[in-house]
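**Student:** mmCIF, N, CA and C atoms, saved as coords33.cif, coming up:
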```
data_query
loop_
_atom_site.group_PDB
_atom_site.id
_atom_site.type_symbol
_atom_site.label_atom_id
_atom_site.label_comp_id
_atom_site.auth_asym_id
_atom_site.auth_seq_id
_atom_site.Cartn_x
_atom_site.Cartn_y
_atom_site.Cartn_z
ATOM 1 N N MET E 1 -21.149 55.095 105.733
ATOM 2 C CA MET E 1 -20.987 55.869 104.531
ATOM 3 C C MET E 1 -19.497 56.138 104.332
ATOM 4 N N LYS E 2 -18.954 55.799 103.166
ATOM 5 C CA LYS E 2 -17.522 55.925 102.912
ATOM 6 C C LYS E 2 -17.161 57.203 102.155
ATOM 7 N N PHE E 3 -18.116 58.088 101.928
ATOM 8 C CA PHE E 3 -17.823 59.322 101.220
ATOM 9 C C PHE E 3 -18.407 60.501 101.984
ATOM 10 N N SER E 4 -17.892 61.666 101.673
ATOM 11 C CA SER E 4 -18.354 62.873 102.336
ATOM 12 C C SER E 4 -19.504 63.485 101.533
ATOM 13 N N SER E 5 -20.652 63.619 102.151
ATOM 14 C CA SER E 5 -21.781 64.232 101.455
ATOM 15 C C SER E 5 -21.506 65.704 101.159
ATOM 16 N N THR E 6 -20.700 66.338 101.981
ATOM 17 C CA THR E 6 -20.318 67.728 101.729
ATOM 18 C C THR E 6 -19.508 67.831 100.445
ATOM 19 N N GLN E 7 -18.554 66.915 100.270
ATOM 20 C CA GLN E 7 -17.741 66.959 99.051
ATOM 21 C C GLN E 7 -18.566 66.589 97.826
ATOM 22 N N LEU E 8 -19.527 65.705 97.968
ATOM 23 C CA LEU E 8 -20.419 65.368 96.868
ATOM 24 C C LEU E 8 -21.235 66.601 96.470
ATOM 25 N N ALA E 9 -21.700 67.356 97.440
ATOM 26 C CA ALA E 9 -22.429 68.590 97.158
ATOM 27 C C ALA E 9 -21.521 69.620 96.490
ATOM 28 N N ASN E 10 -20.251 69.674 96.904
ATOM 29 C CA ASN E 10 -19.308 70.598 96.280
ATOM 30 C C ASN E 10 -19.081 70.247 94.816
ATOM 31 N N ILE E 11 -19.020 68.966 94.487
ATOM 32 C CA ILE E 11 -18.854 68.553 93.096
ATOM 33 C C ILE E 11 -20.066 68.974 92.282
ATOM 34 N N GLY E 12 -21.253 68.799 92.838
ATOM 35 C CA GLY E 12 -22.469 69.249 92.156
ATOM 36 C C GLY E 12 -22.475 70.750 91.948
ATOM 37 N N MET E 13 -22.036 71.490 92.946
ATOM 38 C CA MET E 13 -21.964 72.943 92.835
ATOM 39 C C MET E 13 -20.959 73.344 91.762
ATOM 40 N N PHE E 14 -19.844 72.639 91.704
ATOM 41 C CA PHE E 14 -18.805 72.933 90.727
ATOM 42 C C PHE E 14 -19.328 72.692 89.317
ATOM 43 N N ALA E 15 -20.101 71.630 89.124
ATOM 44 C CA ALA E 15 -20.684 71.338 87.812
ATOM 45 C C ALA E 15 -21.634 72.452 87.396
ATOM 46 N N GLY E 16 -22.468 72.887 88.310
ATOM 47 C CA GLY E 16 -23.385 73.992 88.015
ATOM 48 C C GLY E 16 -22.657 75.275 87.717
ATOM 49 N N LEU E 17 -21.569 75.527 88.415
ATOM 50 C CA LEU E 17 -20.775 76.725 88.176
ATOM 51 C C LEU E 17 -20.163 76.716 86.783
ATOM 52 N N ILE E 18 -19.659 75.566 86.352
ATOM 53 C CA ILE E 18 -19.078 75.456 85.007
ATOM 54 C C ILE E 18 -20.128 75.767 83.950
ATOM 55 N N VAL E 19 -21.306 75.187 84.105
ATOM 56 C CA VAL E 19 -22.378 75.414 83.132
ATOM 57 C C VAL E 19 -22.803 76.874 83.137
ATOM 58 N N ALA E 20 -22.952 77.483 84.307
ATOM 59 C CA ALA E 20 -23.391 78.873 84.399
ATOM 60 C C ALA E 20 -22.365 79.827 83.793
ATOM 61 N N VAL E 21 -21.096 79.627 84.112
ATOM 62 C CA VAL E 21 -20.057 80.514 83.582
ATOM 63 C C VAL E 21 -19.913 80.344 82.073
ATOM 64 N N SER E 22 -19.956 79.106 81.601
ATOM 65 C CA SER E 22 -19.809 78.884 80.160
ATOM 66 C C SER E 22 -20.992 79.467 79.392
ATOM 67 N N SER E 23 -22.201 79.352 79.935
ATOM 68 C CA SER E 23 -23.357 79.920 79.235
ATOM 69 C C SER E 23 -23.316 81.446 79.256
ATOM 70 N N HIS E 24 -22.740 82.024 80.292
ATOM 71 C CA HIS E 24 -22.590 83.481 80.357
ATOM 72 C C HIS E 24 -21.703 83.995 79.226
ATOM 73 N N PHE E 25 -20.688 83.211 78.873
ATOM 74 C CA PHE E 25 -19.778 83.605 77.803
ATOM 75 C C PHE E 25 -20.211 83.068 76.441
ATOM 76 N N GLY E 26 -21.406 82.508 76.355
ATOM 77 C CA GLY E 26 -21.954 82.092 75.075
ATOM 78 C C GLY E 26 -21.629 80.675 74.649
ATOM 79 N N PHE E 27 -21.075 79.858 75.541
ATOM 80 C CA PHE E 27 -20.771 78.470 75.226
ATOM 81 C C PHE E 27 -21.887 77.583 75.762
ATOM 82 N N VAL E 28 -22.338 76.676 74.941
ATOM 83 C CA VAL E 28 -23.323 75.694 75.389
ATOM 84 C C VAL E 28 -22.609 74.364 75.510
ATOM 85 N N LEU E 29 -22.534 73.849 76.722
ATOM 86 C CA LEU E 29 -21.813 72.607 76.974
ATOM 87 C C LEU E 29 -22.781 71.445 77.097
ATOM 88 N N GLU E 30 -22.443 70.365 76.452
ATOM 89 C CA GLU E 30 -23.191 69.127 76.612
ATOM 90 C C GLU E 30 -22.794 68.480 77.935
ATOM 91 N N GLN E 31 -23.565 67.525 78.368
ATOM 92 C CA GLN E 31 -23.286 66.851 79.643
ATOM 93 C C GLN E 31 -21.914 66.181 79.621
ATOM 94 N N GLU E 32 -21.558 65.554 78.504
ATOM 95 C CA GLU E 32 -20.272 64.865 78.411
ATOM 96 C C GLU E 32 -19.109 65.844 78.504
ATOM 97 N N GLU E 33 -19.258 67.014 77.881
ATOM 98 C CA GLU E 33 -18.195 68.021 77.947
ATOM 99 C C GLU E 33 -18.027 68.537 79.367
ATOM 100 N N THR E 34 -19.150 68.762 80.028
ATOM 101 C CA THR E 34 -19.092 69.245 81.413
ATOM 102 C C THR E 34 -18.403 68.230 82.314
ATOM 103 N N MET E 35 -18.748 66.964 82.167
ATOM 104 C CA MET E 35 -18.140 65.925 82.991
ATOM 105 C C MET E 35 -16.648 65.779 82.681
ATOM 106 N N PHE E 36 -16.274 65.940 81.416
ATOM 107 C CA PHE E 36 -14.859 65.882 81.057
ATOM 108 C C PHE E 36 -14.085 67.015 81.722
ATOM 109 N N ILE E 37 -14.642 68.207 81.689
ATOM 110 C CA ILE E 37 -13.976 69.364 82.303
ATOM 111 C C ILE E 37 -13.831 69.156 83.807
ATOM 112 N N ILE E 38 -14.899 68.696 84.454
ATOM 113 C CA ILE E 38 -14.846 68.453 85.898
ATOM 114 C C ILE E 38 -13.790 67.403 86.222
ATOM 115 N N GLY E 39 -13.773 66.312 85.458
ATOM 116 C CA GLY E 39 -12.783 65.266 85.687
ATOM 117 C C GLY E 39 -11.363 65.752 85.495
ATOM 118 N N ALA E 40 -11.137 66.543 84.446
ATOM 119 C CA ALA E 40 -9.795 67.059 84.174
ATOM 120 C C ALA E 40 -9.338 68.011 85.273
ATOM 121 N N VAL E 41 -10.231 68.869 85.727
ATOM 122 C CA VAL E 41 -9.878 69.822 86.780
ATOM 123 C C VAL E 41 -9.585 69.092 88.085
ATOM 124 N N PHE E 42 -10.427 68.144 88.462
ATOM 125 C CA PHE E 42 -10.199 67.407 89.710
ATOM 126 C C PHE E 42 -8.932 66.569 89.645
ATOM 127 N N ALA E 43 -8.650 65.954 88.500
ATOM 128 C CA ALA E 43 -7.427 65.166 88.365
ATOM 129 C C ALA E 43 -6.197 66.055 88.510
ATOM 130 N N THR E 44 -6.225 67.210 87.880
ATOM 131 C CA THR E 44 -5.090 68.133 87.949
ATOM 132 C C THR E 44 -4.903 68.674 89.364
ATOM 133 N N VAL E 45 -5.987 69.137 89.959
ATOM 134 C CA VAL E 45 -5.904 69.719 91.299
ATOM 135 C C VAL E 45 -5.480 68.672 92.324
ATOM 136 N N SER E 46 -6.017 67.465 92.239
ATOM 137 C CA SER E 46 -5.639 66.444 93.214
ATOM 138 C C SER E 46 -4.188 66.016 93.052
ATOM 139 N N GLY E 47 -3.689 65.969 91.819
ATOM 140 C CA GLY E 47 -2.283 65.646 91.603
ATOM 141 C C GLY E 47 -1.359 66.705 92.180
ATOM 142 N N VAL E 48 -1.694 67.962 91.934
ATOM 143 C CA VAL E 48 -0.890 69.064 92.481
ATOM 144 C C VAL E 48 -0.974 69.068 94.002
ATOM 145 N N TYR E 49 -2.149 68.822 94.547
ATOM 146 C CA TYR E 49 -2.317 68.797 96.000
ATOM 147 C C TYR E 49 -1.498 67.671 96.631
ATOM 148 N N ASN E 50 -1.537 66.486 96.029
ATOM 149 C CA ASN E 50 -0.755 65.365 96.554
ATOM 150 C C ASN E 50 0.737 65.661 96.504
ATOM 151 N N TRP E 51 1.186 66.227 95.410
ATOM 152 C CA TRP E 51 2.599 66.596 95.270
ATOM 153 C C TRP E 51 2.973 67.593 96.368
ATOM 154 N N TYR E 52 2.134 68.613 96.570
ATOM 155 C CA TYR E 52 2.404 69.616 97.594
ATOM 156 C C TYR E 52 2.440 68.984 98.985
ATOM 157 N N GLN E 53 1.490 68.084 99.276
ATOM 158 C CA GLN E 53 1.460 67.437 100.587
ATOM 159 C C GLN E 53 2.738 66.650 100.846
ATOM 160 N N ARG E 54 3.210 65.930 99.838
ATOM 161 C CA ARG E 54 4.455 65.159 100.008
ATOM 162 C C ARG E 54 5.647 66.106 100.194
ATOM 163 N N TRP E 55 5.688 67.191 99.431
ATOM 164 C CA TRP E 55 6.773 68.157 99.566
ATOM 165 C C TRP E 55 6.708 68.810 100.946
ATOM 166 N N ASN E 56 5.500 69.157 101.380
ATOM 167 C CA ASN E 56 5.314 69.800 102.679
ATOM 168 C C ASN E 56 5.683 68.844 103.815
ATOM 169 N N LYS E 57 5.463 67.561 103.620
ATOM 170 C CA LYS E 57 5.824 66.540 104.625
ATOM 171 C C LYS E 57 7.339 66.479 104.798
ATOM 172 N N GLY E 58 8.066 66.784 103.726
ATOM 173 C CA GLY E 58 9.513 66.869 103.831
ATOM 174 C C GLY E 58 10.280 65.699 103.259
ATOM 175 N N ASP E 59 9.598 64.717 102.672
ATOM 176 C CA ASP E 59 10.339 63.569 102.153
ATOM 177 C C ASP E 59 10.624 63.646 100.656
ATOM 178 N N LEU E 60 10.168 64.709 99.989
ATOM 179 C CA LEU E 60 10.449 64.928 98.579
ATOM 180 C C LEU E 60 11.007 66.328 98.377
ATOM 181 N N THR E 61 11.834 66.466 97.342
ATOM 182 C CA THR E 61 12.261 67.795 96.948
ATOM 183 C C THR E 61 11.136 68.422 96.119
ATOM 184 N N LEU E 62 11.249 69.692 95.807
ATOM 185 C CA LEU E 62 10.241 70.371 95.010
ATOM 186 C C LEU E 62 10.134 69.739 93.619
ATOM 187 N N GLY E 63 11.212 69.142 93.137
ATOM 188 C CA GLY E 63 11.204 68.473 91.836
ATOM 189 C C GLY E 63 10.592 67.085 91.867
ATOM 190 N N GLY E 64 10.228 66.583 93.043
ATOM 191 C CA GLY E 64 9.576 65.288 93.161
ATOM 192 C C GLY E 64 10.496 64.132 93.467
ATOM 193 N N PHE E 65 11.745 64.420 93.736
ATOM 194 C CA PHE E 65 12.705 63.353 94.048
ATOM 195 C C PHE E 65 12.796 63.163 95.549
ATOM 196 N N ARG E 66 13.067 61.923 95.966
ATOM 197 C CA ARG E 66 13.214 61.642 97.392
ATOM 198 C C ARG E 66 14.483 62.304 97.929
ATOM 199 N N LYS E 67 14.376 62.765 99.173
ATOM 200 C CA LYS E 67 15.541 63.400 99.819
ATOM 201 C C LYS E 67 16.478 62.363 100.342
#
```
Kindly transcribe the structure held in the file into C-alpha coordinates.

**Tutor:**
Amino acid sequence: MKFSSTQLANIGMFAGLIVAVSSHFGFVLEQEETMFIIGAVFATVSGVYNWYQRWNKGDLTLGGFRK
(Lines of atoms letter the chains of each structure in order from A and count residues from 1; the text may use other names and numbers.)
(Lines give C-alpha, C1' and ligand atoms only; values in the text may rest on other atoms or scores of the structure.)
Protein backbone atom coordinates (compact mmCIF):
# COMPACT_ATOMS: atom_id res chain seq x y z
CA MET A 1 0.00 0.00 0.00
CA LYS A 2 1.56 3.32 -1.09
CA PHE A 3 -0.73 5.62 0.89
CA SER A 4 -1.55 6.16 4.52
CA SER A 5 -5.02 4.98 5.48
CA THR A 6 -4.86 7.34 8.45
CA GLN A 7 -4.34 10.33 6.17
CA LEU A 8 -7.13 9.13 3.88
CA ALA A 9 -9.43 9.03 6.92
CA ASN A 10 -8.28 12.53 7.89
CA ILE A 11 -9.23 13.83 4.43
CA GLY A 12 -12.67 12.27 4.81
CA MET A 13 -13.04 13.83 8.25
CA PHE A 14 -11.98 17.20 6.86
CA ALA A 15 -14.62 16.98 4.12
CA GLY A 16 -17.31 16.21 6.68
CA LEU A 17 -16.13 19.07 8.86
CA ILE A 18 -16.40 21.54 5.97
CA VAL A 19 -19.94 20.42 5.20
CA ALA A 20 -21.00 20.51 8.87
CA VAL A 21 -19.54 23.96 9.55
CA SER A 22 -20.91 25.44 6.34
CA SER A 23 -24.40 24.07 7.01
CA HIS A 24 -24.26 25.48 10.54
CA PHE A 25 -23.77 28.95 9.06
CA GLY A 26 -26.55 28.45 6.51
CA PHE A 27 -24.46 27.56 3.44
CA VAL A 28 -25.39 24.52 1.39
CA LEU A 29 -22.37 23.23 -0.49
CA GLU A 30 -22.52 20.99 -3.50
CA GLN A 31 -20.06 18.12 -3.80
CA GLU A 32 -17.97 20.00 -6.37
CA GLU A 33 -17.70 23.06 -4.13
CA THR A 34 -16.65 20.93 -1.18
CA MET A 35 -13.97 19.17 -3.21
CA PHE A 36 -12.71 22.51 -4.54
CA ILE A 37 -12.39 23.89 -1.02
CA ILE A 38 -10.58 20.77 0.20
CA GLY A 39 -8.20 20.87 -2.77
CA ALA A 40 -7.47 24.57 -2.30
CA VAL A 41 -6.81 24.18 1.42
CA PHE A 42 -4.54 21.16 0.97
CA ALA A 43 -2.62 22.83 -1.86
CA THR A 44 -2.06 25.96 0.23
CA VAL A 45 -1.14 24.11 3.42
CA SER A 46 1.22 21.71 1.65
CA GLY A 47 2.97 24.57 -0.15
CA VAL A 48 3.47 26.49 3.09
CA TYR A 49 4.62 23.32 4.85
CA ASN A 50 7.16 22.52 2.13
CA TRP A 51 8.48 26.08 2.21
CA TYR A 52 8.80 25.90 6.01
CA GLN A 53 10.58 22.52 5.84
CA ARG A 54 13.14 23.87 3.37
CA TRP A 55 13.66 27.01 5.47
CA ASN A 56 13.95 24.90 8.63
CA LYS A 57 16.50 22.65 6.88
CA GLY A 58 18.64 25.75 6.43
CA ASP A 59 19.26 25.85 2.69
CA LEU A 60 16.77 28.65 1.93
CA THR A 61 16.23 32.10 3.33
CA LEU A 62 12.78 33.03 4.63
CA GLY A 63 12.17 34.74 1.27
CA GLY A 64 12.75 31.45 -0.58
CA PHE A 65 16.19 32.17 -1.99
CA ARG A 66 19.11 29.77 -1.70
CA LYS A 67 21.74 30.66 0.89

**Student:** Within 7 Å of region 35-41 of chain E, counting only N, CA and C atoms, which residues show up once you throw out same-chain ones fewer than 5 positions away? Write them as a ChimeraX atom specification, please.

**Tutor:** /E:15,30,46

**Student:** Could the residues in this selection be written to a file with N, CA and C atoms, as a PDB file, in the coordinates of the input?

**Tutor:**
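Okay, selection.pdb is ready:
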```pdb
ATOM      1  N   ALA E  15     -20.101  71.630  89.124  1.00  0.00           N
ATOM      2  CA  ALA E  15     -20.684  71.338  87.812  1.00  0.00           C
ATOM      3  C   ALA E  15     -21.634  72.452  87.396  1.00  0.00           C
ATOM      4  N   GLU E  30     -22.443  70.365  76.452  1.00  0.00           N
ATOM      5  CA  GLU E  30     -23.191  69.127  76.612  1.00  0.00           C
ATOM      6  C   GLU E  30     -22.794  68.480  77.935  1.00  0.00           C
ATOM      7  N   SER E  46      -6.017  67.465  92.239  1.00  0.00           N
ATOM      8  CA  SER E  46      -5.639  66.444  93.214  1.00  0.00           C
ATOM      9  C   SER E  46      -4.188  66.016  93.052  1.00  0.00           C
TER      10      SER E  46
END
```

**Student:** Taking 5 positions as the minimum chain separation for residues in the same chain, which residues sit within 8 Å of Gly64 (chain E) when counting all atoms listed in the file? Answer as a list in words.

**Tutor:**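 Counting only the stated atoms, we get Trp51, Trp55 and Asp59 of chain E.
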
**Student:** Create the file for the chosen residues now, containing N, CA and C atoms and written as a PDB file, in the coordinates of the input.

**Tutor:**
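Now in out_29.pdb:
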```
ATOM      1  N   TRP E  51       1.186  66.227  95.410  1.00  0.00           N
ATOM      2  CA  TRP E  51       2.599  66.596  95.270  1.00  0.00           C
ATOM      3  C   TRP E  51       2.973  67.593  96.368  1.00  0.00           C
ATOM      4  N   TRP E  55       5.688  67.191  99.431  1.00  0.00           N
ATOM      5  CA  TRP E  55       6.773  68.157  99.566  1.00  0.00           C
ATOM      6  C   TRP E  55       6.708  68.810 100.946  1.00  0.00           C
ATOM      7  N   ASP E  59       9.598  64.717 102.672  1.00  0.00           N
ATOM      8  CA  ASP E  59      10.339  63.569 102.153  1.00  0.00           C
ATOM      9  C   ASP E  59      10.624  63.646 100.656  1.00  0.00           C
TER      10      ASP E  59
END
```

**Student:** Could you tell me how far atom N of Ile18 (chain E) sits from atom C of Thr34 (chain E), in Å to one decimal place?

**Tutor:** 8.5 Å

**Student:** Could you pull out the residues in chain E that DSSP calls helix (DSSP H, G or I) from the backbone, as a ChimeraX atom specification?

**Tutor:** /E:5-24,31-57

**Student:** If you measure from atom C of Val19 (chain E) to atom N of Glu32 (chain E), what distance in Å do you get, rounded to one decimal?

**Tutor:**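 A separation of 12.3 Å between them.
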
**Student:** One decimal, Å: what's the distance from CA of Val45 (chain E) over to CA of Gly12 (chain E), could you say?

**Tutor:**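 Straight-line distance from CA of Val45 (chain E) to CA of Gly12 (chain E) works out to 16.6 Å.
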